[in-house]
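Engineer: Encoded as structure tokens, here's the structure I'll be asking about.
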Amino acid sequence: MNWEDTPEEAAFREEARAFIRASFPAEYAPDLDAEHSLEPEDVWGYNWPVDRRSDDPARREGARAWAAALAERGWIAPAWPAEHGGAGLSPMREFILQEEMMRAQVPTVNGIGAFLLGPTLLEHGTDEQKAEHLPPIARGERTWAQGFSEPGAGSDLASLRTRAVRDGSDYVVDGQKVWTSLGQHADWLFVLVRTDPEADPKHRGITFLLVDAKTPGVTIRPIEDIRRDAPFAEIFFEDARVPVANRVGEENRGWYVAMTALSFERAGIGATVKFQQALSQLIDYVRSEEGQRYLREDLGMLRHEIAQRYTEIRVLHNLARHTVSKQVSGAVPGYEASVNQLFGAELAQRLARTGAKAFGPFAALWQRRDAPLAAAFTHLRFDSVAATFLGGTTEIQRNVIATRGLNLPRS
Ligand SMILES: Cc1cc2nc3c(=O)[nH]c(=O)nc-3n(C[C@H](O)[C@H](O)[C@H](O)COP(=O)(O)OP(=O)(O)OC[C@H]3O[C@@H](n4cnc5c(N)ncnc54)[C@H](O)[C@@H]3O)c2cc1C
């Protein structure tokens, strides 16, 4: 299959590159010590939802200026219609823009609001909800977090127990969410709650709500991870009143709204560029004088592994292109997104191991400053642990591929 850009796509790619060169604020430099996010598409050194609230005024201003530059073109939410603040880009152009942002190592803005909640509201939201929430996302002024998982409900999401009871024009919400990515930095949350405890099957008693993070009774606590960073949070609801007007879709039909949202998961599409860059860096390092000093001596096995990773990154690229070409033809990617996610997540871990192995004992160095290759693969090794969990575990992805892709029986 030929994935070369058409002349129009090549021209758009050039336009995206020129825009990034001209508009990315110089003061918004990568932060050498930053960790924070574990999403595959995030570029190293940036975390936009955190940067926009940084204590450092230059960083805060850099994050704001970058959002403003993207927003002016509708490129925070590139695929949305212009009337809601987007640019109406085709899936292929959106893909090219994302690739070029990854290649230039500049951060995307407003991730989960722009790529996940926004499209869900476009499909299921009321006119009032669209008017209230879409423009601030497209301007980079309101961030969102996804409160689906609970301590007892991850893979088996339908067993969630956070309760919402109708009281006049409000729902009163009680319960707990967990692993909410960047929850402590979000202005708003979209959450799944149980409105019918007797429902059988369980997923027919779930409702989808939009919750202002400042609502009384909502407490958000960061969770620290092994890197001593807090990429996610737990959220407690205690008699939190949420207007019925903030319900998306019908009561007890929130599961179907949530499934729409999950079908917009990026499925690691943009990660190919990040992996390519990491591998190229490693190859350059192996060849460099400094590399000769710090690398293990037996390079034969490493050479073999690098060649394997190179091939796998090409495979991931083809899978991503295939998924986008399905979107271009008007289809919604189903099990293909699971194939990408599974292959990309496992590849992230293999790539991290290959890189780490190259450095022998130096692979244990954590501080980036003065470490061989700035400890990039040590960090990737830790970051990639979450890859096989965060957007649904690999076992669940395999189940989806087996049943929906291969039509195998469920039991
Ligand atoms: C970095 C990170 C960020 C996250 N961000 C968010 C977020 O923003 N919002 C949010 O709502 N959630 C988030 N999550 C939660 C994530 O969606 C869950 O961790 C995931 O769905 C798995 O659920 P669990 O942790 O409860 O594990 P469990 O579901 O308890 O799974 C435990 C093990 O059992 C296996 N298993 C379970 N059921 C089956 C089955 N039917 N067949 C085969 N094997 C099975 C699993 O594959 C896994 O290996 C995040 C998680 C991580 C790690």
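The chains in the structure tokens are called A, B, ... from first to last as shown; in each chain the residues are counted from 1, and the ligands are counted from 1 in the order shown.
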Any residue with an atom at most 9 Å from ligand 1 counts, using only C-alpha atoms and all ligand atoms. Which are they? Put them as an mmCIF file with C-alpha atoms, in the first residue's frame.
Structural biologist:
data_model
loop_
_atom_site.group_PDB
_atom_site.id
_atom_site.type_symbol
_atom_site.label_atom_id
_atom_site.label_comp_id
_atom_site.auth_asym_id
_atom_site.auth_seq_id
_atom_site.Cartn_x
_atom_site.Cartn_y
_atom_site.Cartn_z
ATOM 1 C CA SER A 37 2.071 12.467 31.974
ATOM 2 C CA LEU A 38 2.126 8.890 30.723
ATOM 3 C CA GLU A 39 0.030 9.250 27.578
ATOM 4 C CA ILE A 112 -8.682 14.744 26.374
ATOM 5 C CA ALA A 145 -10.368 14.785 32.918
ATOM 6 C CA GLN A 146 -12.061 11.433 32.478
ATOM 7 C CA GLY A 147 -13.592 9.895 35.617
ATOM 8 C CA PHE A 148 -14.641 6.414 34.553
ATOM 9 C CA SER A 149 -12.481 3.936 36.542
ATOM 10 C CA GLU A 150 -13.174 3.157 40.192
ATOM 11 C CA PRO A 151 -11.350 1.046 42.770
ATOM 12 C CA GLY A 152 -13.587 -1.923 41.898
ATOM 13 C CA ALA A 153 -14.344 -1.075 38.270
ATOM 14 C CA GLY A 154 -11.608 -0.915 35.637
ATOM 15 C CA SER A 155 -11.796 -3.564 32.940
ATOM 16 C CA ASP A 156 -15.275 -4.380 34.206
ATOM 17 C CA LEU A 157 -16.381 -0.757 33.964
ATOM 18 C CA LYS A 177 -13.101 7.512 41.051
ATOM 19 C CA VAL A 178 -9.454 6.542 40.660
ATOM 20 C CA TRP A 179 -6.548 6.808 38.162
ATOM 21 C CA THR A 180 -8.051 9.983 36.708
ATOM 22 C CA SER A 181 -5.224 11.241 34.465
ATOM 23 C CA LEU A 182 -4.249 14.802 35.410
ATOM 24 C CA GLY A 183 -7.484 15.059 37.421
ATOM 25 C CA VAL A 191 -17.890 10.980 34.890
ATOM 26 C CA LEU A 192 -19.971 7.838 34.757
ATOM 27 C CA PRO A 231 0.226 11.812 36.687
ATOM 28 C CA PHE A 232 -3.222 10.917 38.013
ATOM 29 C CA ALA A 233 -5.617 11.493 40.901
ATOM 30 C CA ASP A 383 6.736 5.437 31.644
ATOM 31 C CA VAL A 385 4.879 0.242 32.308
ATOM 32 C CA ALA A 386 1.500 2.011 32.248
ATOM 33 C CA ALA A 387 1.156 1.632 28.475
ATOM 34 C CA THR A 388 -0.396 -1.816 28.768
ATOM 35 C CA PHE A 389 -3.032 -0.545 31.242
ATOM 36 C CA LEU A 390 -4.046 3.007 30.643
ATOM 37 C CA GLY A 391 -6.380 2.828 27.672
ATOM 38 C CA GLY A 392 -7.702 -0.634 28.574
ATOM 39 C CA THR A 393 -5.404 -3.546 29.391
ATOM 40 C CA THR A 394 -3.777 -5.713 26.749
ATOM 41 C CA GLU A 395 -5.963 -8.650 27.799
ATOM 42 C CA ILE A 396 -9.077 -6.569 27.173
ATOM 43 C CA GLN A 397 -7.694 -5.390 23.812
ATOM 44 C CA ARG A 398 -7.057 -9.030 22.876
ATOM 45 C CA ASN A 399 -10.624 -9.893 23.837
#
Engineer: Please identify all polymer residues within 10 Å of Trp3 in chain A, counting only C-alpha atoms, omitting same-chain residues fewer than 6 positions from it, and present them as a count of residues only.
Structural biologist: 5
Engineer: Rank nothing, just name the residue among A:Glu8, A:Glu14, A:Thr260, A:Glu238 nearest to Pro119 in chain A, using only C-alpha atoms.
Structural biologist: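 Closest to Pro119 in chain A of all the choices is A:Thr260.
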Engineer: I need the residues of range 26-188 of chain A that end up classed as strand (DSSP E) by DSSP on the backbone, written out as a PyMOL selection string.
Structural biologist: chain A and resi 144-147+163-167+170-181+188
Engineer: Residues as selected, C-alpha atoms, written as a PDB file, in the first residue's frame, can you do that?
Structural biologist:
ATOM      1  CA  TRP A 144     -11.058  18.120  31.266  1.00  0.00           C
ATOM      2  CA  ALA A 145     -10.368  14.785  32.918  1.00  0.00           C
ATOM      3  CA  GLN A 146     -12.061  11.433  32.478  1.00  0.00           C
ATOM      4  CA  GLY A 147     -13.592   9.895  35.617  1.00  0.00           C
ATOM      5  CA  ARG A 163     -24.179   6.742  42.911  1.00  0.00           C
ATOM      6  CA  ALA A 164     -26.223   9.630  41.565  1.00  0.00           C
ATOM      7  CA  VAL A 165     -29.703  10.160  43.006  1.00  0.00           C
ATOM      8  CA  ARG A 166     -32.120  12.622  41.460  1.00  0.00           C
ATOM      9  CA  ASP A 167     -33.222  15.462  43.759  1.00  0.00           C
ATOM     10  CA  ASP A 170     -29.917  18.112  40.536  1.00  0.00           C
ATOM     11  CA  TYR A 171     -28.265  14.747  40.877  1.00  0.00           C
ATOM     12  CA  VAL A 172     -26.638  14.138  44.254  1.00  0.00           C
ATOM     13  CA  VAL A 173     -23.411  12.214  43.650  1.00  0.00           C
ATOM     14  CA  ASP A 174     -21.535  10.006  46.153  1.00  0.00           C
ATOM     15  CA  GLY A 175     -18.621   7.682  45.492  1.00  0.00           C
ATOM     16  CA  GLN A 176     -15.030   7.477  44.310  1.00  0.00           C
ATOM     17  CA  LYS A 177     -13.101   7.512  41.051  1.00  0.00           C
ATOM     18  CA  VAL A 178      -9.454   6.542  40.660  1.00  0.00           C
ATOM     19  CA  TRP A 179      -6.548   6.808  38.162  1.00  0.00           C
ATOM     20  CA  THR A 180      -8.051   9.983  36.708  1.00  0.00           C
ATOM     21  CA  SER A 181      -5.224  11.241  34.465  1.00  0.00           C
ATOM     22  CA  TRP A 188     -14.118  19.987  34.593  1.00  0.00           C
TER      23      TRP A 188
END
Engineer: Using DSSP on the backbone coordinates, identify all residues within range 45-194 of chain A classified as alpha helix (DSSP H); present the result as a VMD selection string.
Structural biologist: chain A and resid 48 to 51 57 to 72 91 to 103 111 to 112 118 to 124 127 to 138
Engineer: With N, CA and C atoms kept, could you save the residues just selected as a short mmCIF file (atom, residue, chain, number, x, y, z; two decimals), in the first residue's frame?
Structural biologist:
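Final output, again_1.cif:
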data_model
loop_
_atom_site.label_atom_id
_atom_site.label_comp_id
_atom_site.auth_asym_id
_atom_site.auth_seq_id
_atom_site.Cartn_x
_atom_site.Cartn_y
_atom_site.Cartn_z
N TRP A 48 1.19 20.21 28.89
CA TRP A 48 0.49 21.47 28.73
C TRP A 48 -0.51 21.78 29.85
N PRO A 49 -1.36 20.80 30.26
CA PRO A 49 -2.33 21.14 31.33
C PRO A 49 -1.63 21.55 32.63
N VAL A 50 -0.42 21.04 32.85
CA VAL A 50 0.33 21.43 34.06
C VAL A 50 1.03 22.75 33.81
N ASP A 51 1.62 22.89 32.61
CA ASP A 51 2.38 24.11 32.29
C ASP A 51 1.50 25.35 32.34
N PRO A 57 6.27 32.14 35.67
CA PRO A 57 5.45 32.97 34.78
C PRO A 57 5.82 32.79 33.30
N ALA A 58 7.09 32.56 33.00
CA ALA A 58 7.51 32.41 31.59
C ALA A 58 6.89 31.15 31.00
N ARG A 59 6.88 30.08 31.80
CA ARG A 59 6.32 28.82 31.32
C ARG A 59 4.80 28.94 31.12
N ARG A 60 4.17 29.59 32.11
CA ARG A 60 2.73 29.80 32.03
C ARG A 60 2.38 30.60 30.78
N GLU A 61 3.17 31.65 30.53
CA GLU A 61 2.93 32.51 29.38
C GLU A 61 3.21 31.73 28.08
N GLY A 62 4.27 30.90 28.10
CA GLY A 62 4.58 30.08 26.91
C GLY A 62 3.42 29.15 26.57
N ALA A 63 2.88 28.50 27.60
CA ALA A 63 1.76 27.56 27.39
C ALA A 63 0.54 28.32 26.86
N ARG A 64 0.31 29.52 27.41
CA ARG A 64 -0.84 30.32 26.97
C ARG A 64 -0.67 30.76 25.51
N ALA A 65 0.54 31.25 25.20
CA ALA A 65 0.78 31.78 23.86
C ALA A 65 0.68 30.67 22.81
N TRP A 66 1.17 29.47 23.16
CA TRP A 66 1.09 28.35 22.21
C TRP A 66 -0.37 27.96 21.96
N ALA A 67 -1.15 27.92 23.05
CA ALA A 67 -2.58 27.61 22.90
C ALA A 67 -3.26 28.66 22.03
N ALA A 68 -2.92 29.92 22.25
CA ALA A 68 -3.57 31.01 21.50
C ALA A 68 -3.23 30.88 20.01
N ALA A 69 -1.96 30.55 19.71
CA ALA A 69 -1.55 30.43 18.30
C ALA A 69 -2.30 29.29 17.62
N LEU A 70 -2.40 28.15 18.31
CA LEU A 70 -3.13 27.01 17.74
C LEU A 70 -4.61 27.34 17.58
N ALA A 71 -5.16 27.99 18.62
CA ALA A 71 -6.60 28.29 18.62
C ALA A 71 -6.98 29.20 17.46
N GLU A 72 -6.08 30.11 17.14
CA GLU A 72 -6.38 31.06 16.07
C GLU A 72 -6.66 30.33 14.75
N PRO A 91 -9.71 13.64 8.70
CA PRO A 91 -8.90 12.81 9.59
C PRO A 91 -7.44 12.73 9.13
N MET A 92 -7.20 12.72 7.80
CA MET A 92 -5.82 12.61 7.31
C MET A 92 -5.02 13.87 7.65
N ARG A 93 -5.63 15.03 7.47
CA ARG A 93 -4.91 16.28 7.80
C ARG A 93 -4.68 16.40 9.30
N GLU A 94 -5.67 15.97 10.07
CA GLU A 94 -5.50 15.99 11.52
C GLU A 94 -4.31 15.09 11.91
N PHE A 95 -4.23 13.94 11.26
CA PHE A 95 -3.13 12.99 11.50
C PHE A 95 -1.79 13.63 11.14
N ILE A 96 -1.75 14.30 9.99
CA ILE A 96 -0.50 14.93 9.54
C ILE A 96 -0.08 16.02 10.53
N LEU A 97 -1.06 16.81 10.98
CA LEU A 97 -0.76 17.88 11.95
C LEU A 97 -0.17 17.27 13.23
N GLN A 98 -0.80 16.20 13.67
CA GLN A 98 -0.32 15.56 14.90
C GLN A 98 1.10 15.01 14.71
N GLU A 99 1.32 14.38 13.55
CA GLU A 99 2.67 13.86 13.26
C GLU A 99 3.70 14.98 13.29
N GLU A 100 3.35 16.11 12.69
CA GLU A 100 4.33 17.20 12.61
C GLU A 100 4.57 17.83 13.97
N MET A 101 3.54 17.88 14.82
CA MET A 101 3.74 18.40 16.17
C MET A 101 4.65 17.46 16.97
N MET A 102 4.45 16.17 16.77
CA MET A 102 5.31 15.20 17.45
C MET A 102 6.74 15.31 16.92
N ARG A 103 6.87 15.46 15.60
CA ARG A 103 8.20 15.54 14.99
C ARG A 103 8.96 16.76 15.51
N GLY A 111 -5.58 17.93 25.33
CA GLY A 111 -5.78 16.58 24.81
C GLY A 111 -7.17 16.00 24.97
N ILE A 112 -7.51 15.58 26.20
CA ILE A 112 -8.68 14.74 26.37
C ILE A 112 -9.98 15.52 26.10
N GLY A 118 -14.96 16.41 23.36
CA GLY A 118 -15.56 17.26 22.33
C GLY A 118 -16.36 16.46 21.30
N PRO A 119 -15.73 15.47 20.65
CA PRO A 119 -16.47 14.68 19.67
C PRO A 119 -17.69 13.98 20.26
N THR A 120 -17.60 13.62 21.56
CA THR A 120 -18.74 12.97 22.22
C THR A 120 -19.89 13.97 22.37
N LEU A 121 -19.56 15.20 22.78
CA LEU A 121 -20.62 16.22 22.89
C LEU A 121 -21.20 16.56 21.52
N LEU A 122 -20.34 16.57 20.50
CA LEU A 122 -20.86 16.87 19.16
C LEU A 122 -21.92 15.84 18.76
N GLU A 123 -21.72 14.61 19.23
CA GLU A 123 -22.67 13.56 18.85
C GLU A 123 -23.87 13.48 19.80
N HIS A 124 -23.64 13.64 21.10
CA HIS A 124 -24.72 13.39 22.07
C HIS A 124 -25.15 14.61 22.87
N ASP A 127 -27.67 21.44 22.50
CA ASP A 127 -27.12 22.68 21.91
C ASP A 127 -26.51 23.54 23.01
N GLU A 128 -27.15 23.57 24.18
CA GLU A 128 -26.63 24.39 25.29
C GLU A 128 -25.27 23.85 25.75
N GLN A 129 -25.18 22.51 25.86
CA GLN A 129 -23.90 21.93 26.30
C GLN A 129 -22.79 22.23 25.29
N LYS A 130 -23.12 22.12 24.01
CA LYS A 130 -22.09 22.41 22.99
C LYS A 130 -21.66 23.86 23.09
N ALA A 131 -22.66 24.77 23.24
CA ALA A 131 -22.32 26.20 23.27
C ALA A 131 -21.51 26.53 24.52
N GLU A 132 -21.81 25.86 25.63
CA GLU A 132 -21.10 26.19 26.86
C GLU A 132 -19.68 25.62 26.89
N HIS A 133 -19.52 24.38 26.40
CA HIS A 133 -18.25 23.69 26.65
C HIS A 133 -17.29 23.66 25.46
N LEU A 134 -17.79 23.63 24.24
CA LEU A 134 -16.85 23.43 23.12
C LEU A 134 -15.92 24.64 22.90
N PRO A 135 -16.46 25.88 22.88
CA PRO A 135 -15.53 27.00 22.60
C PRO A 135 -14.38 27.12 23.61
N PRO A 136 -14.63 26.99 24.94
CA PRO A 136 -13.47 27.10 25.85
C PRO A 136 -12.43 26.00 25.65
N ILE A 137 -12.88 24.80 25.20
CA ILE A 137 -11.88 23.75 24.91
C ILE A 137 -11.07 24.17 23.70
N ALA A 138 -11.75 24.64 22.66
CA ALA A 138 -11.07 24.98 21.41
C ALA A 138 -10.15 26.20 21.58
#
